[in-house]
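Enquirer: You'll find run_26.txt just under this line, and it carries compact mmCIF, C-alpha atoms.
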```txt
# COMPACT_ATOMS: atom_id res chain seq x y z
CA MET G 1 102.53 -26.52 49.29
CA ASN G 2 103.09 -28.86 46.30
CA MET G 3 104.80 -31.94 47.71
CA ALA G 4 106.00 -32.99 44.27
CA MET G 5 108.08 -29.80 44.12
CA ILE G 6 109.93 -30.41 47.38
CA PRO G 7 113.30 -32.10 46.69
CA THR G 8 114.73 -34.67 49.03
CA GLY G 9 117.41 -33.53 51.42
CA GLN G 10 116.41 -29.85 51.41
CA LEU G 11 115.67 -27.97 54.64
CA VAL G 12 112.20 -26.41 54.39
CA GLN G 13 111.14 -23.97 57.11
CA MET G 14 107.48 -24.57 57.96
CA GLU G 15 107.08 -22.01 60.77
CA PRO G 16 109.52 -20.30 63.16
CA LEU G 17 110.05 -23.36 65.36
CA VAL G 18 109.53 -26.10 62.74
CA ALA G 19 111.55 -27.19 59.72
CA ARG G 20 111.48 -30.34 57.63
CA VAL G 21 113.82 -32.54 55.59
CA LEU G 22 112.43 -35.17 53.20
CA ALA G 23 114.14 -38.58 53.09
CA PRO G 24 114.87 -40.27 49.75
CA ASN G 25 112.51 -43.22 50.32
CA PRO G 26 109.39 -42.70 48.19
CA SER G 27 107.07 -45.69 47.75
CA PRO G 28 103.37 -46.54 47.40
CA PHE G 29 103.25 -46.58 51.20
CA THR G 30 105.50 -43.63 52.06
CA PHE G 31 104.31 -41.24 49.30
CA THR G 32 107.19 -38.84 48.58
CA GLY G 33 109.18 -40.26 51.51
CA THR G 34 109.52 -39.84 55.27
CA GLN G 35 109.55 -36.26 56.52
CA THR G 36 111.93 -35.64 59.39
CA HIS G 37 110.99 -32.58 61.43
CA LEU G 38 113.39 -30.31 63.28
CA VAL G 39 111.98 -28.36 66.23
CA GLY G 40 113.70 -25.34 67.76
CA THR G 41 116.15 -22.67 66.73
CA ARG G 42 119.20 -22.73 69.02
CA ASP G 43 118.94 -26.29 70.28
CA LEU G 44 116.85 -28.86 68.47
CA ALA G 45 114.63 -31.88 68.69
CA VAL G 46 114.66 -34.16 65.65
CA ILE G 47 111.42 -36.10 65.12
CA ASP G 48 111.50 -39.37 63.15
CA PRO G 49 114.98 -39.34 61.60
CA GLY G 50 113.79 -41.88 59.05
CA PRO G 51 115.66 -44.76 57.44
CA ASP G 52 119.33 -45.52 57.98
CA ASP G 53 120.33 -43.89 54.72
CA ALA G 54 123.64 -42.03 54.60
CA ARG G 55 122.21 -39.45 52.17
CA HIS G 56 119.43 -38.57 54.58
CA ILE G 57 121.69 -38.50 57.65
CA ASP G 58 124.08 -36.19 55.80
CA ALA G 59 121.18 -33.93 54.85
CA LEU G 60 119.99 -33.85 58.46
CA LEU G 61 123.44 -32.98 59.75
CA ALA G 62 123.68 -30.18 57.19
CA ALA G 63 120.27 -28.89 58.32
CA ILE G 64 121.30 -29.09 61.98
CA GLY G 65 124.36 -27.04 61.10
CA GLY G 66 126.31 -27.84 64.26
CA ARG G 67 123.54 -26.77 66.63
CA PRO G 68 123.10 -28.96 69.73
CA VAL G 69 120.42 -31.66 69.47
CA SER G 70 118.61 -32.20 72.77
CA ALA G 71 116.55 -35.19 71.67
CA ILE G 72 115.92 -37.55 68.79
CA LEU G 73 112.22 -38.35 69.07
CA ILE G 74 110.53 -41.43 67.59
CA THR G 75 106.80 -41.80 66.91
CA HIS G 76 106.96 -45.55 66.16
CA THR G 77 109.42 -48.15 65.03
CA HIS G 78 108.61 -48.93 61.41
CA HIS G 79 111.71 -49.04 59.24
CA ASP G 80 111.02 -45.71 57.56
CA HIS G 81 110.96 -43.85 60.91
CA SER G 82 113.45 -45.01 63.54
CA PRO G 83 116.64 -46.65 62.12
CA GLY G 84 118.20 -43.28 61.29
CA SER G 85 118.20 -42.49 65.00
CA ARG G 86 121.34 -44.52 65.59
CA PRO G 87 123.73 -42.86 63.12
CA LEU G 88 122.23 -39.48 64.02
CA ALA G 89 122.78 -40.14 67.73
CA ALA G 90 126.35 -41.23 67.02
CA ALA G 91 126.98 -38.01 65.09
CA THR G 92 125.33 -35.60 67.53
CA GLY G 93 125.52 -37.30 70.94
CA ALA G 94 121.76 -36.78 71.37
CA PRO G 95 119.63 -39.29 73.29
CA ILE G 96 117.02 -41.36 71.48
CA ILE G 97 113.66 -40.76 73.16
CA GLY G 98 110.09 -41.71 72.40
CA CYS G 99 108.00 -44.79 71.82
CA ALA G 100 108.64 -48.15 73.43
CA PRO G 101 110.54 -50.82 71.49
CA LEU G 102 108.39 -53.25 69.55
CA VAL G 103 109.55 -56.20 67.47
CA LEU G 104 106.89 -58.18 65.66
CA ASP G 105 106.96 -60.46 62.63
CA LEU G 106 103.93 -59.56 60.54
CA GLY G 107 104.59 -62.35 58.04
CA ASP G 108 103.76 -62.48 54.36
CA ASP G 109 100.98 -59.90 54.55
CA MET G 110 103.64 -57.22 54.92
CA ALA G 111 106.05 -58.50 52.28
CA GLY G 112 107.29 -55.70 50.07
CA ARG G 113 106.37 -52.90 52.46
CA ALA G 114 109.59 -51.04 53.11
CA ASP G 115 107.85 -48.91 55.72
CA ALA G 116 106.29 -51.66 57.76
CA ALA G 117 108.98 -54.00 59.07
CA PHE G 118 109.68 -53.19 62.68
CA ASP G 119 113.10 -51.88 63.67
CA LYS G 120 114.47 -54.71 65.81
CA ASP G 121 117.56 -52.70 66.78
CA TYR G 122 115.68 -49.73 68.20
CA ALA G 123 116.86 -49.18 71.78
CA PRO G 124 115.75 -45.81 73.19
CA ASP G 125 117.58 -44.07 75.99
CA ARG G 126 114.22 -43.03 77.39
CA VAL G 127 110.67 -44.23 76.73
CA LEU G 128 107.98 -41.57 77.00
CA ALA G 129 104.64 -42.32 78.59
CA ASP G 130 101.47 -40.50 77.60
CA GLY G 131 101.71 -36.89 78.80
CA GLU G 132 105.47 -36.84 79.42
CA GLN G 133 107.45 -33.94 78.00
CA VAL G 134 110.79 -33.13 76.42
CA ALA G 135 111.94 -29.49 76.41
CA GLY G 136 114.67 -27.31 74.98
CA GLU G 137 115.29 -23.59 74.59
CA GLY G 138 111.98 -22.08 73.50
CA TRP G 139 110.13 -25.35 72.89
CA THR G 140 108.30 -28.08 74.79
CA LEU G 141 107.01 -31.28 73.22
CA THR G 142 104.38 -33.45 74.91
CA ALA G 143 104.06 -37.14 74.03
CA ILE G 144 100.52 -38.36 73.36
CA ALA G 145 99.83 -42.08 73.07
CA THR G 146 97.94 -42.88 69.86
CA PRO G 147 97.84 -46.67 69.44
CA GLY G 148 96.20 -48.02 66.33
CA HIS G 149 98.61 -47.89 63.39
CA THR G 150 101.01 -49.59 65.80
CA SER G 151 100.56 -50.35 69.47
CA ASN G 152 103.56 -48.17 70.40
CA HIS G 153 102.66 -45.10 68.33
CA LEU G 154 103.12 -41.63 69.84
CA VAL G 155 102.41 -38.17 68.48
CA PHE G 156 104.11 -35.04 69.79
CA ALA G 157 102.36 -31.75 70.57
CA LEU G 158 104.46 -28.58 70.33
CA GLU G 159 103.04 -26.61 73.24
CA ASP G 160 104.62 -23.36 72.04
CA SER G 161 102.82 -23.09 68.69
CA GLY G 162 99.83 -25.43 68.68
CA ALA G 163 101.42 -27.78 66.14
CA LEU G 164 101.21 -31.55 66.43
CA PHE G 165 103.59 -34.04 64.81
CA SER G 166 101.22 -36.84 63.86
CA GLY G 167 103.65 -39.49 62.58
CA ASP G 168 101.66 -42.11 60.67
CA HIS G 169 98.55 -41.88 62.85
CA VAL G 170 97.24 -39.02 60.69
CA MET G 171 98.86 -38.54 57.29
CA GLY G 172 98.47 -35.74 54.81
CA TRP G 173 98.08 -37.83 51.67
CA SER G 174 96.24 -41.05 52.50
CA THR G 175 94.45 -42.98 55.19
CA THR G 176 96.60 -44.88 57.67
CA VAL G 177 97.19 -48.60 57.31
CA VAL G 178 95.92 -50.51 60.36
CA MET G 179 97.35 -54.02 60.09
CA PRO G 180 96.78 -56.78 62.69
CA PRO G 181 98.17 -58.38 64.73
CA ASP G 182 99.78 -55.19 66.07
CA GLY G 183 97.59 -52.64 64.32
CA ASP G 184 94.23 -52.38 66.05
CA MET G 185 91.14 -50.69 64.62
CA THR G 186 89.44 -50.32 68.00
CA ASP G 187 92.48 -48.49 69.35
CA TYR G 188 92.86 -46.46 66.15
CA MET G 189 89.30 -45.15 66.31
CA ALA G 190 89.68 -44.30 70.00
CA SER G 191 92.89 -42.42 69.24
CA LEU G 192 91.17 -40.48 66.47
CA ALA G 193 88.36 -39.54 68.85
CA MET G 194 90.90 -38.34 71.41
CA LEU G 195 92.67 -36.16 68.82
CA GLN G 196 89.38 -34.78 67.55
CA ALA G 197 88.65 -33.49 71.04
CA ARG G 198 91.89 -31.46 71.05
CA ASP G 199 92.36 -27.98 69.57
CA ASP G 200 95.69 -28.33 67.76
CA ARG G 201 96.27 -25.66 65.12
CA ILE G 202 98.08 -27.77 62.50
CA TYR G 203 99.40 -31.30 62.03
CA TYR G 204 102.80 -32.09 60.54
CA PRO G 205 102.60 -35.73 59.42
CA ALA G 206 105.52 -37.94 58.50
CA HIS G 207 104.06 -38.37 55.01
CA GLY G 208 102.12 -35.85 52.97
CA GLU G 209 101.25 -32.20 53.27
CA PRO G 210 100.59 -30.41 56.57
CA VAL G 211 97.02 -30.79 57.79
CA GLU G 212 95.77 -27.24 58.28
CA ASN G 213 92.25 -28.18 59.43
CA PRO G 214 92.94 -30.95 61.94
CA THR G 215 89.49 -31.30 63.50
CA GLN G 216 87.76 -31.55 60.14
CA HIS G 217 90.42 -33.89 58.75
CA VAL G 218 90.25 -36.27 61.72
CA ARG G 219 86.46 -36.28 61.48
CA HIS G 220 86.81 -37.22 57.80
CA LEU G 221 89.18 -40.08 58.66
CA ALA G 222 86.80 -41.45 61.28
CA ASN G 223 83.86 -41.18 58.88
CA HIS G 224 85.86 -42.99 56.20
CA ARG G 225 86.45 -45.89 58.58
CA ARG G 226 82.78 -46.02 59.53
CA GLN G 227 81.85 -46.07 55.87
CA ARG G 228 84.30 -48.93 55.27
CA GLU G 229 82.86 -51.00 58.11
CA GLY G 230 79.40 -50.34 56.69
CA GLN G 231 80.57 -51.64 53.30
CA ILE G 232 81.95 -54.77 54.96
CA LEU G 233 78.69 -55.42 56.80
CA ARG G 234 76.63 -54.90 53.65
CA HIS G 235 78.92 -57.23 51.70
CA LEU G 236 78.35 -59.96 54.30
CA GLU G 237 74.57 -59.57 54.05
CA SER G 238 74.69 -61.73 50.91
CA GLY G 239 76.48 -64.53 52.76
CA PRO G 240 79.83 -65.48 54.31
CA ALA G 241 82.99 -64.31 52.56
CA ASP G 242 86.73 -64.46 53.04
CA ILE G 243 89.00 -61.42 53.16
CA PRO G 244 90.38 -61.71 49.57
CA ALA G 245 86.81 -61.67 48.23
CA MET G 246 86.00 -58.60 50.31
CA VAL G 247 89.15 -56.80 49.13
CA ALA G 248 88.34 -57.60 45.49
CA ALA G 249 84.86 -56.14 45.92
CA LEU G 250 85.62 -53.15 48.14
CA TYR G 251 88.97 -52.05 46.67
CA ALA G 252 88.33 -52.76 42.98
CA GLY G 253 89.78 -49.41 41.88
CA VAL G 254 92.82 -49.46 44.18
CA ASP G 255 96.38 -50.18 43.00
CA VAL G 256 96.86 -53.94 43.31
CA ARG G 257 100.17 -53.29 45.09
CA LEU G 258 98.07 -52.01 48.01
CA HIS G 259 95.71 -54.98 48.18
CA ARG G 260 97.73 -56.78 50.87
CA ALA G 261 97.52 -53.72 53.06
CA ALA G 262 93.83 -53.42 52.20
CA GLY G 263 93.37 -57.01 53.35
CA GLY G 264 94.99 -56.11 56.66
CA SER G 265 92.66 -53.14 57.03
CA VAL G 266 89.63 -55.32 56.32
CA ARG G 267 90.83 -57.84 58.91
CA ALA G 268 91.27 -55.03 61.44
CA HIS G 269 87.70 -53.91 60.81
CA LEU G 270 86.43 -57.49 61.13
CA ILE G 271 88.20 -57.97 64.46
CA ASP G 272 86.68 -54.74 65.73
CA LEU G 273 83.22 -55.77 64.47
CA ALA G 274 83.60 -59.19 66.09
CA ARG G 275 84.36 -57.55 69.44
CA ARG G 276 81.07 -55.71 69.06
CA GLY G 277 79.18 -58.90 68.24
CA LEU G 278 78.38 -57.96 64.64
CA VAL G 279 80.44 -60.59 62.79
CA ALA G 280 82.06 -63.95 63.52
CA ALA G 281 84.81 -65.98 61.90
CA GLU G 282 84.41 -69.55 60.71
CA GLY G 283 87.86 -70.59 59.58
CA GLU G 284 88.81 -68.15 56.80
CA MET G 285 85.18 -67.13 56.25
CA TRP G 286 83.37 -64.31 58.01
CA ARG G 287 79.62 -63.98 58.50
CA ARG G 288 77.13 -61.48 59.90
CA THR G 289 75.84 -62.18 63.37
CA GLY G 290 74.06 -58.95 64.18
```
Now that the file is in, can you turn its structure into structure tokens?
Expert:
Amino acid sequence: MNMAMIPTGQLVQMEPLVARVLAPNPSPFTFTGTQTHLVGTRDLAVIDPGPDDARHIDALLAAIGGRPVSAILITHTHHDHSPGSRPLAAATGAPIIGCAPLVLDLGDDMAGRADAAFDKDYAPDRVLADGEQVAGEGWTLTAIATPGHTSNHLVFALEDSGALFSGDHVMGWSTTVVMPPDGDMTDYMASLAMLQARDDRIYYPAHGEPVENPTQHVRHLANHRRQREGQILRHLESGPADIPAMVAALYAGVDVRLHRAAGGSVRAHLIDLARRGLVAAEGEMWRRTG
């Protein structure tokens, strides 16, 4: 499906139990915008209602069409995912369920990222632990903890069809940003390995096209991260370097608007490598140790 041809605010049926509405918040980090998914036919779950944007809430209410909403489910609390839960809950009476609250100031590294500021007002009616379920008529969703992009990230498996709603942990258009201090590369790689061991049929990410070959795609993402850590280690073979120098060398062809996020990703790799005894920090400089 050509994402560029999908207008914002339109209900798109993906399969019998799954539909999608695109929010009007495109950016270099959100691609065409946040995709809110509706699960069910008679009563619904709404996954990641997106930003608190009246246009998007109106579009969701039109898509819901007066049907009861059993749950508003949240994968994580970045500003492009959870704030819309509050006006949607007020309009439908549905409980807000999902990830744990998380408020963290990520400082200047995240300046300009509309997706990345944490939603300080997020207050769920119920927090789901790994393996807990939410069910409605004809559907059951299982929460799966996938820390890495954020420490509170969940994905939701639709037990009735083999679909998995992957939030930002696995996207359909780009690799996921892993930004310390909350983003953690060690956790992210472990979460990828866990998903790779599953047999989900299809992923519906919050950004980008559906992932129709999940096992292969997750393997590709893990290999990409291993290649990036290899590049970092090779770069440090010529001597100590700081993160801006590594970003300039390793992301030379990448849009400069993404360099701050790239710096966070490099830092996440370095922290992971340091845990494994392969690099060490000396002030702002990093060096090989193994």
Enquirer: For a quick check of understanding, using all atoms listed in the file, which of G:Val178, G:Glu15, G:Gly172, G:Ser27 has the smallest distance to G:Arg257?
Expert: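 With all atoms listed in the file as the atom set, the closest residue is G:Ser27.
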Enquirer: Suppose you want the space between atom CA of G:Val247 and atom CA of G:Glu282; what is it in Å?
Expert: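 Taking atom CA of G:Val247 as the start and atom CA of G:Glu282 as the end point, the length is 17.9 Å.
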Enquirer: Point out the residue among G:Pro68, G:Pro87, G:Gly33, G:Gly98 with the least atom-to-atom distance to G:Asp52, counting all atoms listed in the file.
Expert: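 For G:Asp52, the nearest of the candidates is G:Pro87.
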Enquirer: Report as a VMD selection string all protein, DNA and RNA residues lying within 9 Å of G:Ala206, evaluated on all atoms listed in the file, omitting residues in the same chain fewer than 2 positions from it.
Expert: chain G and resid 30 33 to 37 48 81 165 to 168 170 to 172 204 208 to 209
Enquirer: Name all residues at most 12 Å from G:Pro147 (count all atoms listed in the file; drop same-chain ones fewer than 5 positions away) and give them as a PDB file with C-alpha atoms, in the coordinates of the input.
Expert:
```pdb
ATOM      1  CA  THR G  75     106.800 -41.800  66.910  1.00  0.00           C
ATOM      2  CA  HIS G  76     106.960 -45.550  66.160  1.00  0.00           C
ATOM      3  CA  CYS G  99     108.000 -44.790  71.820  1.00  0.00           C
ATOM      4  CA  ALA G 100     108.640 -48.150  73.430  1.00  0.00           C
ATOM      5  CA  ASP G 130     101.470 -40.500  77.600  1.00  0.00           C
ATOM      6  CA  ASN G 152     103.560 -48.170  70.400  1.00  0.00           C
ATOM      7  CA  HIS G 153     102.660 -45.100  68.330  1.00  0.00           C
ATOM      8  CA  LEU G 154     103.120 -41.630  69.840  1.00  0.00           C
ATOM      9  CA  VAL G 155     102.410 -38.170  68.480  1.00  0.00           C
ATOM     10  CA  SER G 166     101.220 -36.840  63.860  1.00  0.00           C
ATOM     11  CA  GLY G 167     103.650 -39.490  62.580  1.00  0.00           C
ATOM     12  CA  ASP G 168     101.660 -42.110  60.670  1.00  0.00           C
ATOM     13  CA  HIS G 169      98.550 -41.880  62.850  1.00  0.00           C
ATOM     14  CA  VAL G 170      97.240 -39.020  60.690  1.00  0.00           C
ATOM     15  CA  THR G 176      96.600 -44.880  57.670  1.00  0.00           C
ATOM     16  CA  VAL G 178      95.920 -50.510  60.360  1.00  0.00           C
ATOM     17  CA  MET G 179      97.350 -54.020  60.090  1.00  0.00           C
ATOM     18  CA  ASP G 182      99.780 -55.190  66.070  1.00  0.00           C
ATOM     19  CA  GLY G 183      97.590 -52.640  64.320  1.00  0.00           C
ATOM     20  CA  ASP G 184      94.230 -52.380  66.050  1.00  0.00           C
ATOM     21  CA  MET G 185      91.140 -50.690  64.620  1.00  0.00           C
ATOM     22  CA  THR G 186      89.440 -50.320  68.000  1.00  0.00           C
ATOM     23  CA  ASP G 187      92.480 -48.490  69.350  1.00  0.00           C
ATOM     24  CA  TYR G 188      92.860 -46.460  66.150  1.00  0.00           C
ATOM     25  CA  MET G 189      89.300 -45.150  66.310  1.00  0.00           C
ATOM     26  CA  ALA G 190      89.680 -44.300  70.000  1.00  0.00           C
ATOM     27  CA  SER G 191      92.890 -42.420  69.240  1.00  0.00           C
ATOM     28  CA  LEU G 192      91.170 -40.480  66.470  1.00  0.00           C
ATOM     29  CA  ALA G 193      88.360 -39.540  68.850  1.00  0.00           C
ATOM     30  CA  MET G 194      90.900 -38.340  71.410  1.00  0.00           C
ATOM     31  CA  LEU G 195      92.670 -36.160  68.820  1.00  0.00           C
TER      32      LEU G 195
END
```
Enquirer: With distances taken over all atoms listed in the file, which of G:Ala222, G:Leu61, G:Ala261, G:Leu11 is nearest to G:Leu88?
Expert: G:Leu61
Enquirer: One decimal, in Å: what's the spacing between atom CA of G:Leu44 and atom CA of G:Val18?
Expert: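 Taking atom CA of G:Leu44 and atom CA of G:Val18, their separation equals 9.7 Å.
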Enquirer: To one decimal place in Å, what is the distance between atom CA of G:Met14 and atom CA of G:Asp43?
Expert: 16.9 Å
Enquirer: Return as AutoDock Vina command-line options the centre and edge lengths, in Å with one decimal, of the box along x, y and z that encloses every atom of stretch 115-134 of chain G in the file, padded by 8 Å per side.
Expert:
```
--center_x 109.5 --center_y -43.9 --center_z 67.6 --size_x 32.1 --size_y 37.6 --size_z 39.7
```
Enquirer: From the options G:Leu17, G:Val279, G:Ile144, G:Ala262, which residue's atoms come nearest to G:Leu250, counting all atoms listed in the file?
Expert: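 Smallest distance to G:Leu250 is found for G:Ala262.
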Enquirer: Measuring atom to atom with all atoms listed in the file, identify which of G:Ile47, G:Ala281, G:Ala91, G:Ala157 is nearest to G:Gly65.
Expert: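 Of the candidates, the smallest distance to G:Gly65 is held by G:Ala91.
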Enquirer: I want to know what sits within 10 Å of G:Arg225, based on only C-alpha atoms, with residues of the same chain fewer than 2 positions away left out; could you give that as a compact mmCIF listing (two decimals) with C-alpha atoms, in the frame of the given file?
Expert:
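Result went into selection_17.txt, see below:
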```txt
# COMPACT_ATOMS: atom_id res chain seq x y z
CA THR G 175 94.45 -42.98 55.19
CA MET G 185 91.14 -50.69 64.62
CA TYR G 188 92.86 -46.46 66.15
CA MET G 189 89.30 -45.15 66.31
CA HIS G 220 86.81 -37.22 57.80
CA LEU G 221 89.18 -40.08 58.66
CA ALA G 222 86.80 -41.45 61.28
CA ASN G 223 83.86 -41.18 58.88
CA GLN G 227 81.85 -46.07 55.87
CA ARG G 228 84.30 -48.93 55.27
CA GLU G 229 82.86 -51.00 58.11
CA GLY G 230 79.40 -50.34 56.69
CA GLN G 231 80.57 -51.64 53.30
CA SER G 265 92.66 -53.14 57.03
CA HIS G 269 87.70 -53.91 60.81
```
